[in-house]
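Asker: Enclosed is the structure file protein_34.txt (compact mmCIF, C-alpha atoms and all ligand atoms).
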```txt
# COMPACT_ATOMS: atom_id res chain seq x y z
CA MET F 1 -27.79 1.86 -0.53
CA LEU F 2 -27.52 -1.84 -1.25
CA PRO F 3 -29.91 -3.03 -3.98
CA GLN F 4 -31.99 -6.18 -3.44
CA LEU F 5 -30.80 -9.18 -5.43
CA SER F 6 -33.44 -11.17 -7.32
CA SER F 7 -31.12 -12.88 -9.77
CA LEU F 8 -27.48 -13.56 -10.54
CA ASP F 9 -27.69 -10.89 -13.23
CA ASP F 10 -28.75 -8.36 -10.56
CA PHE F 11 -25.53 -9.25 -8.77
CA ARG F 12 -23.45 -8.82 -11.94
CA THR F 13 -25.11 -5.46 -12.63
CA ALA F 14 -24.64 -4.14 -9.08
CA LEU F 15 -20.98 -5.18 -9.03
CA GLY F 16 -20.27 -3.77 -12.50
CA GLY F 17 -21.90 -0.43 -11.62
CA ALA F 18 -20.36 -0.02 -8.14
CA PRO F 19 -19.05 3.47 -7.25
CA VAL F 20 -15.36 4.26 -7.42
CA GLN F 21 -13.11 5.99 -4.86
CA ASP F 22 -13.80 9.62 -3.97
CA GLN F 23 -11.03 11.38 -5.92
CA THR F 24 -11.30 14.57 -3.86
CA ALA F 25 -10.64 12.55 -0.71
CA VAL F 26 -7.73 10.75 -2.41
CA ALA F 27 -6.20 14.10 -3.39
CA GLY F 28 -6.83 15.56 0.09
CA ALA F 29 -5.31 12.55 1.83
CA ALA F 30 -2.29 12.60 -0.47
CA ALA F 31 -1.79 16.31 0.22
CA ARG F 32 -2.07 15.77 3.97
CA ASN F 33 0.38 12.84 3.77
CA GLY F 34 2.91 15.19 2.15
CA GLN F 35 2.71 17.63 5.08
CA LEU F 36 3.16 15.20 8.00
CA THR F 37 6.21 15.40 10.25
CA LYS F 38 8.33 12.67 8.63
CA PRO F 39 10.66 12.42 5.66
CA PRO F 40 8.69 11.87 2.42
CA GLY F 41 7.81 8.17 2.04
CA ALA F 42 9.28 7.22 5.43
CA LEU F 43 6.13 5.34 6.45
CA GLY F 44 6.38 3.20 3.33
CA ARG F 45 3.24 1.27 2.41
CA LEU F 46 1.41 2.67 5.44
CA GLU F 47 1.19 5.94 3.52
CA ASP F 48 -0.42 4.29 0.48
CA LEU F 49 -2.79 2.39 2.74
CA ALA F 50 -4.00 5.53 4.48
CA ILE F 51 -4.62 7.35 1.18
CA TRP F 52 -6.39 4.30 -0.28
CA TYR F 53 -8.57 3.94 2.83
CA GLY F 54 -9.42 7.66 2.90
CA GLY F 55 -10.45 7.54 -0.76
CA TRP F 56 -12.95 4.76 -0.13
CA ARG F 57 -14.30 6.41 3.03
CA GLY F 58 -14.56 9.84 1.36
CA SER F 59 -12.31 11.53 3.92
CA ALA F 60 -8.83 13.07 3.77
CA ARG F 61 -8.47 12.38 7.51
CA PRO F 62 -10.32 9.10 8.08
CA GLU F 63 -10.86 6.99 11.19
CA ILE F 64 -11.54 3.30 11.75
CA SER F 65 -14.23 3.00 14.40
CA ALA F 66 -16.47 0.12 13.31
CA PRO F 67 -14.62 -2.88 11.81
CA GLN F 68 -16.71 -5.99 11.10
CA VAL F 69 -15.43 -9.57 10.89
CA ILE F 70 -17.77 -12.15 9.34
CA VAL F 71 -17.09 -15.89 9.27
CA PHE F 72 -19.18 -18.05 6.92
CA ALA F 73 -19.38 -21.83 7.25
CA GLY F 74 -20.35 -24.42 4.64
CA ASN F 75 -20.01 -28.12 3.91
CA HIS F 76 -18.74 -29.76 0.74
CA GLY F 77 -19.96 -32.78 -1.23
CA VAL F 78 -16.47 -33.20 -2.65
CA MET F 79 -15.48 -34.49 0.83
CA GLU F 80 -16.78 -37.84 -0.51
CA GLN F 81 -13.52 -37.95 -2.48
CA GLY F 82 -11.37 -37.96 0.69
CA VAL F 83 -9.83 -34.50 0.21
CA SER F 84 -9.16 -33.35 3.80
CA ALA F 85 -7.12 -34.53 6.77
CA PHE F 86 -10.21 -33.84 8.96
CA PRO F 87 -13.83 -35.09 8.88
CA ALA F 88 -16.72 -32.89 7.70
CA GLU F 89 -18.36 -32.78 11.14
CA VAL F 90 -15.54 -30.46 12.30
CA THR F 91 -17.24 -27.61 10.38
CA ALA F 92 -20.32 -27.62 12.64
CA GLN F 93 -18.19 -28.25 15.75
CA MET F 94 -16.06 -25.21 14.93
CA VAL F 95 -19.18 -23.07 14.45
CA ILE F 96 -20.09 -23.88 18.06
CA ASN F 97 -16.52 -23.06 19.06
CA PHE F 98 -16.84 -19.66 17.30
CA GLU F 99 -20.09 -19.03 19.15
CA HIS F 100 -18.42 -19.85 22.46
CA GLY F 101 -15.45 -17.57 21.73
CA GLY F 102 -12.89 -20.40 21.60
CA ALA F 103 -11.37 -20.16 18.11
CA ALA F 104 -8.33 -18.21 16.91
CA ILE F 105 -10.53 -15.70 15.09
CA ASN F 106 -12.43 -14.88 18.28
CA GLN F 107 -9.19 -13.76 19.93
CA LEU F 108 -7.95 -11.80 16.92
CA ALA F 109 -11.27 -10.07 16.23
CA LYS F 110 -11.50 -9.04 19.89
CA LEU F 111 -7.95 -7.70 19.82
CA ALA F 112 -8.78 -5.67 16.70
CA GLY F 113 -11.86 -4.18 18.39
CA ALA F 114 -14.06 -5.72 15.69
CA ARG F 115 -17.63 -6.90 15.81
CA MET F 116 -17.69 -10.59 14.81
CA ASP F 117 -20.60 -12.40 13.16
CA VAL F 118 -20.84 -16.09 12.26
CA HIS F 119 -23.18 -17.43 9.55
CA ALA F 120 -23.54 -21.19 9.15
CA LEU F 121 -24.98 -21.93 5.71
CA GLU F 122 -27.09 -25.09 5.52
CA LEU F 123 -24.43 -27.31 7.08
CA ASP F 124 -26.79 -30.30 6.90
CA ARG F 125 -27.08 -29.87 3.13
CA PRO F 126 -23.55 -30.01 1.68
CA THR F 127 -22.93 -28.87 -1.89
CA ALA F 128 -22.83 -31.60 -4.56
CA ASP F 129 -19.56 -33.40 -5.35
CA PHE F 130 -18.23 -31.28 -8.22
CA THR F 131 -16.56 -34.25 -9.89
CA LYS F 132 -20.08 -35.54 -10.63
CA GLY F 133 -22.04 -32.34 -11.35
CA ALA F 134 -22.35 -28.65 -10.45
CA ALA F 135 -21.62 -27.95 -6.78
CA MET F 136 -24.63 -25.62 -6.57
CA SER F 137 -27.78 -24.86 -8.54
CA GLN F 138 -28.27 -21.26 -9.67
CA ASP F 139 -30.82 -20.82 -6.84
CA ASP F 140 -28.41 -22.19 -4.23
CA LEU F 141 -25.67 -19.90 -5.50
CA LEU F 142 -27.96 -16.87 -5.37
CA ALA F 143 -29.03 -17.76 -1.81
CA ALA F 144 -25.39 -18.05 -0.69
CA LEU F 145 -24.37 -14.80 -2.41
CA LYS F 146 -27.34 -13.07 -0.76
CA ALA F 147 -26.40 -14.46 2.66
CA GLY F 148 -23.08 -12.68 2.28
CA TRP F 149 -24.51 -9.55 0.65
CA GLU F 150 -27.04 -9.03 3.44
CA SER F 151 -24.62 -9.77 6.28
CA VAL F 152 -22.55 -6.62 5.81
CA ASP F 153 -23.40 -3.85 8.27
CA PRO F 154 -23.79 -0.70 6.14
CA SER F 155 -22.38 1.34 9.04
CA ALA F 156 -19.16 -0.72 9.21
CA ASP F 157 -16.04 1.15 8.08
CA LEU F 158 -13.85 -1.91 7.45
CA LEU F 159 -14.75 -5.48 6.50
CA VAL F 160 -12.89 -8.74 6.96
CA VAL F 161 -14.45 -12.02 5.80
CA GLY F 162 -13.36 -15.56 6.47
CA GLU F 163 -14.53 -19.13 6.30
CA MET F 164 -14.87 -22.47 7.98
CA GLY F 165 -15.60 -25.44 5.74
CA ILE F 166 -13.72 -28.69 6.00
CA GLY F 167 -12.57 -29.64 2.49
CA ASN F 168 -12.75 -26.10 1.12
CA THR F 169 -9.15 -25.79 -0.06
CA THR F 170 -10.21 -28.23 -2.82
CA PRO F 171 -12.98 -26.05 -4.33
CA ALA F 172 -10.72 -23.01 -3.84
CA ALA F 173 -7.99 -24.70 -5.91
CA ALA F 174 -10.51 -25.76 -8.55
CA LEU F 175 -11.85 -22.21 -8.83
CA CYS F 176 -8.33 -20.84 -9.34
CA CYS F 177 -7.50 -23.47 -11.93
CA ALA F 178 -10.72 -22.83 -13.86
CA LEU F 179 -10.37 -19.04 -13.71
CA PHE F 180 -6.64 -18.65 -14.30
CA GLY F 181 -5.58 -21.82 -16.15
CA GLY F 182 -2.46 -23.87 -15.54
CA GLU F 183 -2.31 -27.38 -14.13
CA ALA F 184 -4.37 -28.62 -11.19
CA ALA F 185 -1.09 -29.29 -9.36
CA ASP F 186 -0.19 -25.58 -9.60
CA TRP F 187 -3.20 -24.66 -7.47
CA THR F 188 -3.62 -27.63 -5.12
CA GLY F 189 -2.06 -27.55 -1.64
CA ARG F 190 -2.12 -29.50 1.59
CA GLY F 191 -4.89 -27.56 3.38
CA THR F 192 -5.22 -28.95 6.91
CA GLY F 193 -2.22 -31.18 6.20
CA VAL F 194 -2.90 -34.07 3.80
CA ASP F 195 0.09 -36.35 3.12
CA ASP F 196 1.68 -36.94 -0.29
CA ALA F 197 -0.92 -39.52 -1.31
CA GLY F 198 -3.66 -37.18 -0.12
CA LEU F 199 -2.21 -34.33 -2.16
CA ALA F 200 -2.06 -36.52 -5.27
CA ASN F 201 -5.70 -37.52 -4.75
CA LYS F 202 -6.75 -33.89 -4.21
CA THR F 203 -4.93 -32.85 -7.38
CA ARG F 204 -6.78 -35.54 -9.34
CA VAL F 205 -10.11 -34.31 -7.90
CA VAL F 206 -9.36 -30.70 -8.88
CA ALA F 207 -8.32 -31.76 -12.40
CA GLU F 208 -11.47 -33.87 -12.85
CA GLY F 209 -13.74 -31.07 -11.63
CA VAL F 210 -12.17 -28.46 -13.87
CA ALA F 211 -12.27 -30.78 -16.90
CA LEU F 212 -15.97 -31.51 -16.29
CA HIS F 213 -17.07 -27.88 -15.91
CA GLN F 214 -14.60 -25.71 -17.83
CA SER F 215 -16.80 -25.34 -20.92
CA ALA F 216 -19.73 -24.05 -18.80
CA ILE F 217 -17.65 -21.32 -17.12
CA ARG F 218 -17.79 -17.85 -18.68
CA ASP F 219 -17.29 -15.75 -15.55
CA GLY F 220 -16.64 -15.96 -11.83
CA LEU F 221 -20.27 -16.64 -10.93
CA ASP F 222 -20.43 -19.61 -13.29
CA ALA F 223 -17.26 -20.91 -11.65
CA LEU F 224 -18.77 -20.50 -8.18
CA ALA F 225 -21.87 -22.49 -9.15
CA CYS F 226 -19.88 -25.30 -10.77
CA LEU F 227 -16.95 -25.61 -8.38
CA GLY F 228 -17.49 -23.37 -5.34
CA GLY F 229 -19.14 -23.71 -1.98
CA ARG F 230 -21.74 -21.84 0.03
CA GLU F 231 -19.25 -20.14 2.37
CA ILE F 232 -17.05 -19.22 -0.59
CA ALA F 233 -20.00 -17.66 -2.43
CA ALA F 234 -21.10 -15.86 0.76
CA MET F 235 -17.63 -14.34 1.13
CA ALA F 236 -17.89 -13.16 -2.49
CA GLY F 237 -21.33 -11.69 -1.76
CA ALA F 238 -20.06 -9.80 1.27
CA ILE F 239 -16.96 -8.47 -0.51
CA ALA F 240 -19.20 -7.30 -3.38
CA ALA F 241 -21.65 -5.59 -0.99
CA ALA F 242 -18.72 -3.79 0.63
CA ARG F 243 -17.61 -2.62 -2.84
CA VAL F 244 -21.07 -1.14 -3.46
CA LEU F 245 -21.13 0.46 0.03
CA ARG F 246 -17.54 1.76 -0.31
CA ILE F 247 -16.42 -0.20 2.75
CA PRO F 248 -12.73 -1.18 2.45
CA VAL F 249 -11.97 -4.90 2.74
CA ILE F 250 -8.94 -6.81 4.01
CA LEU F 251 -8.70 -10.19 2.27
CA ASP F 252 -7.68 -13.30 4.20
CA GLY F 253 -5.96 -16.45 2.93
CA PHE F 254 -6.25 -18.79 -0.04
CA ILE F 255 -9.95 -19.56 0.22
CA CYS F 256 -11.02 -15.97 0.79
CA CYS F 257 -8.85 -14.88 -2.14
CA ALA F 258 -10.39 -17.59 -4.36
CA ALA F 259 -13.80 -16.08 -3.55
CA ALA F 260 -12.43 -12.63 -4.37
CA ALA F 261 -11.02 -13.96 -7.67
CA CYS F 262 -14.54 -14.95 -8.72
CA LEU F 263 -15.57 -11.29 -8.39
CA LEU F 264 -12.57 -10.05 -10.34
CA GLN F 265 -13.43 -12.50 -13.13
CA THR F 266 -16.99 -11.15 -13.13
CA ALA F 267 -16.36 -7.37 -13.17
CA ASP F 268 -13.22 -5.29 -13.68
CA GLY F 269 -12.33 -3.22 -10.63
CA ALA F 270 -14.37 -5.45 -8.32
CA LEU F 271 -11.48 -5.66 -5.84
CA ASP F 272 -10.26 -2.07 -5.96
CA HIS F 273 -11.57 -1.61 -2.41
CA ALA F 274 -9.61 -4.62 -1.12
CA VAL F 275 -6.07 -5.19 0.16
CA ALA F 276 -4.42 -8.53 0.90
CA GLY F 277 -4.06 -9.04 4.65
CA HIS F 278 -1.45 -11.75 4.49
CA GLN F 279 0.20 -14.46 2.44
CA SER F 280 -0.88 -17.86 3.66
CA ALA F 281 1.40 -20.90 3.75
CA GLU F 282 -1.07 -22.73 1.47
CA GLY F 283 1.09 -23.47 -1.57
CA ALA F 284 -0.73 -21.50 -4.25
CA HIS F 285 -1.66 -18.39 -2.29
CA ALA F 286 1.35 -16.41 -3.54
CA ALA F 287 0.41 -17.18 -7.16
CA LEU F 288 -3.21 -16.26 -6.48
CA LEU F 289 -2.22 -12.93 -4.91
CA ALA F 290 -0.14 -12.22 -8.03
CA LYS F 291 -3.20 -12.91 -10.23
CA LEU F 292 -5.21 -10.49 -8.06
CA GLY F 293 -2.40 -7.91 -8.28
CA LYS F 294 -2.20 -7.66 -4.48
CA GLN F 295 0.84 -7.49 -2.20
CA PRO F 296 0.23 -9.01 1.23
CA LEU F 297 0.59 -6.86 4.35
CA LEU F 298 1.84 -9.78 6.47
CA SER F 299 3.55 -13.11 5.81
CA LEU F 300 3.60 -15.17 9.00
CA GLY F 301 3.20 -18.73 7.74
CA LEU F 302 -0.46 -18.85 8.79
CA ARG F 303 -2.59 -21.54 7.12
CA LEU F 304 -5.78 -21.39 9.11
CA GLY F 305 -8.40 -19.32 7.33
CA GLU F 306 -11.31 -18.18 9.57
CA ALA F 307 -10.29 -14.57 8.59
CA SER F 308 -7.38 -14.88 11.04
CA GLY F 309 -4.64 -13.28 8.92
CA ALA F 310 -6.91 -10.48 7.77
CA ALA F 311 -8.05 -9.78 11.34
CA LEU F 312 -4.42 -9.48 12.39
CA ALA F 313 -3.80 -7.09 9.49
CA ILE F 314 -6.53 -4.77 10.83
CA GLN F 315 -3.87 -3.65 13.31
CA VAL F 316 -1.54 -2.68 10.46
CA LEU F 317 -4.26 -0.62 8.80
CA ARG F 318 -5.13 0.93 12.16
CA GLY F 319 -1.46 1.92 12.47
CA ALA F 320 -1.54 3.54 9.03
CA ILE F 321 -4.70 5.51 9.83
CA ALA F 322 -3.50 6.50 13.32
CA CYS F 323 -0.34 8.03 11.84
CA HIS F 324 -2.09 9.63 8.88
CA SER F 325 -4.92 11.21 10.83
CA GLY F 326 -3.19 11.82 14.15
CA MET F 327 0.25 13.16 13.23
CA ALA F 328 1.04 16.86 13.25
CA THR F 329 1.95 18.64 10.04
CA PHE F 330 5.30 20.46 9.76
CA ALA F 331 3.47 23.79 10.12
CA GLU F 332 1.47 22.66 13.19
CA ALA F 333 4.52 21.29 14.97
CA GLY F 334 6.90 24.06 13.96
CA VAL F 335 9.30 21.52 12.47
CA SER F 336 11.42 22.63 9.51
CA ASP F 337 10.33 20.78 6.40
CA SER F 338 13.59 20.98 4.49
C1 LIG W 1 -10.00 -27.62 13.83
C2 LIG W 1 -9.94 -26.83 12.54
C3 LIG W 1 -10.17 -25.44 12.57
C4 LIG W 1 -10.08 -24.73 11.39
N1 LIG W 1 -10.26 -23.42 11.14
C5 LIG W 1 -10.07 -23.20 9.87
N2 LIG W 1 -9.77 -24.33 9.21
C6 LIG W 1 -9.44 -24.38 7.80
O1 LIG W 1 -9.26 -25.69 7.32
C7 LIG W 1 -10.23 -26.07 6.35
C8 LIG W 1 -9.63 -26.22 4.99
O2 LIG W 1 -8.68 -27.23 4.90
P1 LIG W 1 -9.02 -28.62 4.14
O3 LIG W 1 -9.41 -28.28 2.76
O4 LIG W 1 -7.76 -29.41 4.25
O5 LIG W 1 -10.13 -29.29 4.94
C9 LIG W 1 -11.26 -24.99 6.37
O6 LIG W 1 -12.30 -25.30 7.25
C10 LIG W 1 -10.48 -23.79 6.83
O7 LIG W 1 -11.26 -22.77 7.33
C11 LIG W 1 -9.77 -25.32 10.16
C12 LIG W 1 -9.56 -26.71 10.11
C13 LIG W 1 -9.64 -27.47 11.31
C14 LIG W 1 -9.41 -28.94 11.26
O1 LIG W 2 -4.99 -19.92 3.37
C1 LIG W 2 -6.00 -20.28 3.97
O2 LIG W 2 -6.94 -19.50 4.16
C2 LIG W 2 -6.10 -21.69 4.50
C3 LIG W 2 -5.10 -22.60 4.32
C4 LIG W 2 -5.23 -23.87 4.80
C5 LIG W 2 -6.37 -24.24 5.46
N1 LIG W 2 -7.35 -23.35 5.63
C6 LIG W 2 -7.22 -22.08 5.16
```
Would you mind writing the structure in this file as C-alpha cells?
Ligand SMILES: Cc1cc2ncn([C@H]3O[C@H](COP(=O)(O)O)[C@@H](O)[C@H]3O)c2cc1C
Ligand SMILES: O=C(O)c1cccnc1
Answerer:
Amino acid sequence: MLPQLSSLDDFRTALGGAPVQDQTAVAGAAARNGQLTKPPGALGRLEDLAIWYGGWRGSARPEISAPQVIVFAGNHGVMEQGVSAFPAEVTAQMVINFEHGGAAINQLAKLAGARMDVHALELDRPTADFTKGAAMSQDDLLAALKAGWESVDPSADLLVVGEMGIGNTTPAAALCCALFGGEAADWTGRGTGVDDAGLANKTRVVAEGVALHQSAIRDGLDALACLGGREIAAMAGAIAAARVLRIPVILDGFICCAAAACLLQTADGALDHAVAGHQSAEGAHAALLAKLGKQPLLSLGLRLGEASGAALAIQVLRGAIACHSGMATFAEAGVSDS
C-alpha cells in the first residue's frame, strides 16, 4: 500500500522505510538459474537481471505482463537565461504530440507492450529561474512529487519514467553538481544541441545556481526544490512509489538519472529496485551512472529523453525473464549437466 503524502518529511519517511527484496525469491531464482539448460553464466547479465527482477516481484519464476511508461512534462524559469537550442513552447507542443501518438516514446512504448501515460505539470507556470531564487517552493515540490507518486499503477510489474521539458538538462546538471560536487563544466552538456557559446553560457548558469543554493542543500529533496523542475520531481516521486510498491524500475537518460540521484541522496538503498536502461550521449551521463553505481544495459548514442532508452531496454529485461522463466532445466530436458 502506498501511504498518502502530506509533507516532504512523509516522503522521506516512506522512502527510508521502503521494503527490501524478497530474499526467498532471490534464493529461489538463483537456484533455478543454476539448473537451466546452458553453461553456468552463459547468459551473462541477463541472469543477474532475472534474479534481481524476481527478488523484487517475490517470485523465483517471474513474468512481465504489465509494464507502465510515464512521461512527465514541465517548464523551466531558467530558460530566461538562454540555456536551450529550442524555445519553451516546444514542451507543450510535444505533449500534444505524445497524446496523438507521434513521438519516439509512443513507438517504443507500443513495441514494448507498455501502457503509456502522460502528465503535463502546470506548463503555464514555469519554475522560477534558479539563478535568482529557489526553483520551487516546498508546496510546489510536494505537489510535483505527489503527481509522480500517485501516477504509478500499483498493479504494474515494471516502471519506466521519462520527461519532456525544454531546458531541463540545465537543472539536471545543477542537481548533479550540487549533490556530487566537482565543477559545473563536469556536469553540463549540450542537451538539444547548443553550440560552444551556448555551452559556456549554460555552464555559467549551472555554476551560479549551485553557488547560490549549495548552503541550503542537505539532501536530495532540498536540491530538487532549489534547482530542480516539476517533471524531474515527478519522476523522483514515481520512482520512489515504485520502490515502496516493489515495482522494478528501468532508468532512462541524464535527466531521469538526475531525478533518481535526488532519491539516493535522500535515503540509502532508494534505487536498489532500479537498473540503468542506457547510457545517453549527454556528456555527463556516464559519470552520473558511476555515482549511482549502475551499469547501463544499452549504449546507442541516444540523447532524447522521453523515457526512450529505458523503453527500449524493456525488451532486454523481457529477454532475461523469458529465458529465466521459460527455459527447461537439465532434469526436465534430459540434458547432461556436466
Ligand atoms: C522536439 C523535441 C523533442 C524532445 N523530446 C525530448 N527532448 C529532450 O530535450 C530537452 C532537453 O534538452 P535542453 O535542455 O537542451 O532543452 C527535454 O525536453 C528532453 O526531454 C526533446 C527536445 C525537442 C526539441
Ligand atoms: O539523456 C537524456 O535523457 C537527454 C539528453 C539530451 C536531451 N534530452 C535528454
Asker: Could I get the residue neighbourhood of ligand LIG 2 (chain W) at 6 Å, counting all atoms listed in the file, as a list in words?
Answerer: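 The neighbouring residues of ligand LIG 2 (chain W) are, in order, Gly191, Thr192, Gly253, Phe254, Ile255, Ser280, Glu282, Arg303, Leu304 and Gly305 of chain F.
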Asker: Find the residue from F:Ala267, F:Ala14, F:Ala85, F:Ala60 that sits nearest to ligand LIG 1 (chain W); use only C-alpha atoms and all ligand atoms when measuring.
Answerer: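 Closest to ligand LIG 1 (chain W), using only C-alpha atoms and all ligand atoms: F:Ala85.
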Asker: What is the CA of Val194 (chain F)-atom P1 of ligand LIG 1 (chain W) distance in Å, reported with one decimal?
Answerer: 8.2 Å
Asker: Can you write out as a tab-separated table which residues of chain F fall within 9 Å of ligand LIG 1 (chain W), alongside each residue's closest atom pair and its distance in Å to one decimal, counting only C-alpha atoms and all ligand atoms and ordering rows by chain and ascending residue number?
Answerer:
```
residue	atom	partner	partner_atom	distance
F:Ala73	CA	W:LIG1	O6	7.9
F:Gly74	CA	W:LIG1	O6	8.5
F:Asn75	CA	W:LIG1	O6	8.9
F:Met79	CA	W:LIG1	O5	8.5
F:Val83	CA	W:LIG1	O3	6.7
F:Ser84	CA	W:LIG1	O4	4.2
F:Ala85	CA	W:LIG1	O4	5.7
F:Phe86	CA	W:LIG1	C14	5.5
F:Pro87	CA	W:LIG1	O5	7.9
F:Ala88	CA	W:LIG1	O5	8.0
F:Val90	CA	W:LIG1	C14	6.4
F:Thr91	CA	W:LIG1	O6	6.3
F:Gln93	CA	W:LIG1	C1	8.4
F:Met94	CA	W:LIG1	C3	6.3
F:Ala103	CA	W:LIG1	C3	7.7
F:Ala104	CA	W:LIG1	N1	8.0
F:Ile105	CA	W:LIG1	N1	8.7
F:Gly162	CA	W:LIG1	O7	7.6
F:Glu163	CA	W:LIG1	O7	5.0
F:Met164	CA	W:LIG1	O7	3.7
F:Gly165	CA	W:LIG1	O6	3.6
F:Ile166	CA	W:LIG1	O5	3.8
F:Gly167	CA	W:LIG1	O3	3.5
F:Asn168	CA	W:LIG1	O3	4.3
F:Thr169	CA	W:LIG1	O3	3.8
F:Thr170	CA	W:LIG1	O3	5.6
F:Pro171	CA	W:LIG1	O3	8.2
F:Ala172	CA	W:LIG1	O3	8.5
F:Gly189	CA	W:LIG1	O4	8.4
F:Arg190	CA	W:LIG1	O4	6.2
F:Gly191	CA	W:LIG1	O4	3.5
F:Thr192	CA	W:LIG1	O4	3.7
F:Gly193	CA	W:LIG1	O4	6.1
F:Val194	CA	W:LIG1	O4	6.7
F:Ile255	CA	W:LIG1	C10	7.9
F:Arg303	CA	W:LIG1	C6	7.4
F:Leu304	CA	W:LIG1	C5	4.7
F:Gly305	CA	W:LIG1	O7	4.5
F:Glu306	CA	W:LIG1	O7	5.1
F:Ala307	CA	W:LIG1	O7	8.4
F:Ser308	CA	W:LIG1	C5	8.8
```
Asker: Using all atoms listed in the file, which residue out of F:Gln68, F:Gln81, F:Thr203, F:Ser151 lies closest to Ala114 (chain F)?
Answerer: F:Gln68
Asker: Ranking F:Asp139, F:Val210, F:Asp219, F:Trp52 by minimum distance to Val20 (chain F) and counting all atoms listed in the file, which one comes first?
Answerer: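 Looking only at the distances to Val20 (chain F), the closest residue turns out to be F:Trp52.
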Asker: Which one is closest to Asp48 (chain F): F:Gly82, F:Gly34, F:Gly133, F:Gly16? Count all atoms listed in the file.
Answerer: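 Closest to Asp48 (chain F) of all the choices is F:Gly34.
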Asker: Please determine an axis-aligned box that encloses all atoms of region 81-88 of chain F listed in the file, with 4 Å added on each side, and express its centre and edge lengths in Å to one decimal as JSON.
Answerer:
```
{"center_x": -11.9, "center_y": -35.4, "center_z": 3.2, "size_x": 17.6, "size_y": 13.1, "size_z": 19.4}
```
Asker: Quick one: distance from CA of Leu302 (chain F) to CA of Gly277 (chain F) in Å, one decimal?
Answerer: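 That distance, rounded to one decimal, is 11.2 Å.
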Asker: With all atoms listed in the file as the atoms that count, which of F:Leu8, F:Ile70, F:Ala18, F:Val206 lies nearest to Leu145 (chain F)?
Answerer: F:Leu8
Asker: Could you state the separation of CA of Ser299 (chain F) and CA of Met327 (chain F) in Å, given to one decimal place?
Answerer: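 Distance between the two atoms: 27.5 Å.
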Asker: Smallest atom-to-atom distance to Asp252 (chain F): which of F:Val161, F:Leu298, F:Ala233, F:Leu175, using only C-alpha atoms?
Answerer: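 Counting only C-alpha atoms, the residue closest to Asp252 (chain F) is F:Val161.
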Asker: Counting all atoms listed in the file, what is within 8 Å of Leu221 (chain F), bar same-chain residues fewer than 5 positions away, as a short mmCIF file (atom, residue, chain, number, x, y, z; two decimals) with C-alpha atoms, in the coordinates of the input?
Answerer:
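Saved file selection.cif follows:
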```cif
data_model
loop_
_atom_site.label_atom_id
_atom_site.label_comp_id
_atom_site.auth_asym_id
_atom_site.auth_seq_id
_atom_site.Cartn_x
_atom_site.Cartn_y
_atom_site.Cartn_z
CA LEU F 8 -27.48 -13.56 -10.54
CA CYS F 262 -14.54 -14.95 -8.72
CA LEU F 263 -15.57 -11.29 -8.39
CA THR F 266 -16.99 -11.15 -13.13
#
```
Asker: Got a sec: who's within 12 Å of Thr13 (chain F), counting all atoms listed in the file, leaving out chain neighbours fewer than 2 positions off, as a VMD selection string?
Answerer: chain F and resid 3 to 11 15 to 18 240 244 263 266 to 268 270
Asker: Using all atoms listed in the file, find all polymer residues with an atom at most 10 Å away from the point (1.0, 1.0, 6.4); report them as a PyMOL selection string.
Answerer: chain F and resi 43-51+297+313+315-324
Asker: Only C-alpha atoms, please: the residues just picked out, written as a PDB file, in the frame of the given file.
Answerer:
```
ATOM      1  CA  LEU F  43       6.130   5.340   6.450  1.00  0.00           C
ATOM      2  CA  GLY F  44       6.380   3.200   3.330  1.00  0.00           C
ATOM      3  CA  ARG F  45       3.240   1.270   2.410  1.00  0.00           C
ATOM      4  CA  LEU F  46       1.410   2.670   5.440  1.00  0.00           C
ATOM      5  CA  GLU F  47       1.190   5.940   3.520  1.00  0.00           C
ATOM      6  CA  ASP F  48      -0.420   4.290   0.480  1.00  0.00           C
ATOM      7  CA  LEU F  49      -2.790   2.390   2.740  1.00  0.00           C
ATOM      8  CA  ALA F  50      -4.000   5.530   4.480  1.00  0.00           C
ATOM      9  CA  ILE F  51      -4.620   7.350   1.180  1.00  0.00           C
ATOM     10  CA  LEU F 297       0.590  -6.860   4.350  1.00  0.00           C
ATOM     11  CA  ALA F 313      -3.800  -7.090   9.490  1.00  0.00           C
ATOM     12  CA  GLN F 315      -3.870  -3.650  13.310  1.00  0.00           C
ATOM     13  CA  VAL F 316      -1.540  -2.680  10.460  1.00  0.00           C
ATOM     14  CA  LEU F 317      -4.260  -0.620   8.800  1.00  0.00           C
ATOM     15  CA  ARG F 318      -5.130   0.930  12.160  1.00  0.00           C
ATOM     16  CA  GLY F 319      -1.460   1.920  12.470  1.00  0.00           C
ATOM     17  CA  ALA F 320      -1.540   3.540   9.030  1.00  0.00           C
ATOM     18  CA  ILE F 321      -4.700   5.510   9.830  1.00  0.00           C
ATOM     19  CA  ALA F 322      -3.500   6.500  13.320  1.00  0.00           C
ATOM     20  CA  CYS F 323      -0.340   8.030  11.840  1.00  0.00           C
ATOM     21  CA  HIS F 324      -2.090   9.630   8.880  1.00  0.00           C
TER      22      HIS F 324
END
```
Asker: I'd like the neighbourhood of Glu208 (chain F) as a compact mmCIF listing (two decimals) with C-alpha atoms, in the coordinates of the input, where a residue qualifies if any of its atoms comes within 8 Å (using only C-alpha atoms), though same-chain residues fewer than 4 positions away should be ignored.
Answerer:
```
# COMPACT_ATOMS: atom_id res chain seq x y z
CA THR F 131 -16.56 -34.25 -9.89
CA ARG F 204 -6.78 -35.54 -9.34
CA LEU F 212 -15.97 -31.51 -16.29
```
Asker: Using only C-alpha atoms, give me every residue within 9 Å of (-10.9, 2.4, -9.5) in file coordinates, as a tab-separated table (two decimals) with C-alpha atoms, in the frame of the given file.
Answerer:
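Saved as result.tsv:
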```tsv
chain	number	residue	atom	x	y	z
F	19	PRO	CA	-19.05	3.47	-7.25
F	20	VAL	CA	-15.36	4.26	-7.42
F	21	GLN	CA	-13.11	5.99	-4.86
F	269	GLY	CA	-12.33	-3.22	-10.63
F	270	ALA	CA	-14.37	-5.45	-8.32
F	271	LEU	CA	-11.48	-5.66	-5.84
F	272	ASP	CA	-10.26	-2.07	-5.96
F	273	HIS	CA	-11.57	-1.61	-2.41
```
Asker: Tell me which protein, DNA and RNA residues are within 12 Å of Leu224 (chain F), counting only C-alpha atoms, leaving out same-chain ones fewer than 5 positions away, and put them as JSON, numbers by chain.
Answerer: {"F": [8, 127, 130, 134, 135, 136, 137, 138, 140, 141, 142, 144, 145, 171, 172, 173, 174, 175, 176, 178, 179, 210, 213, 214, 216, 217, 218, 219, 229, 230, 231, 232, 233, 234, 235, 236, 237, 258, 259, 260, 261, 262, 263, 265, 266]}
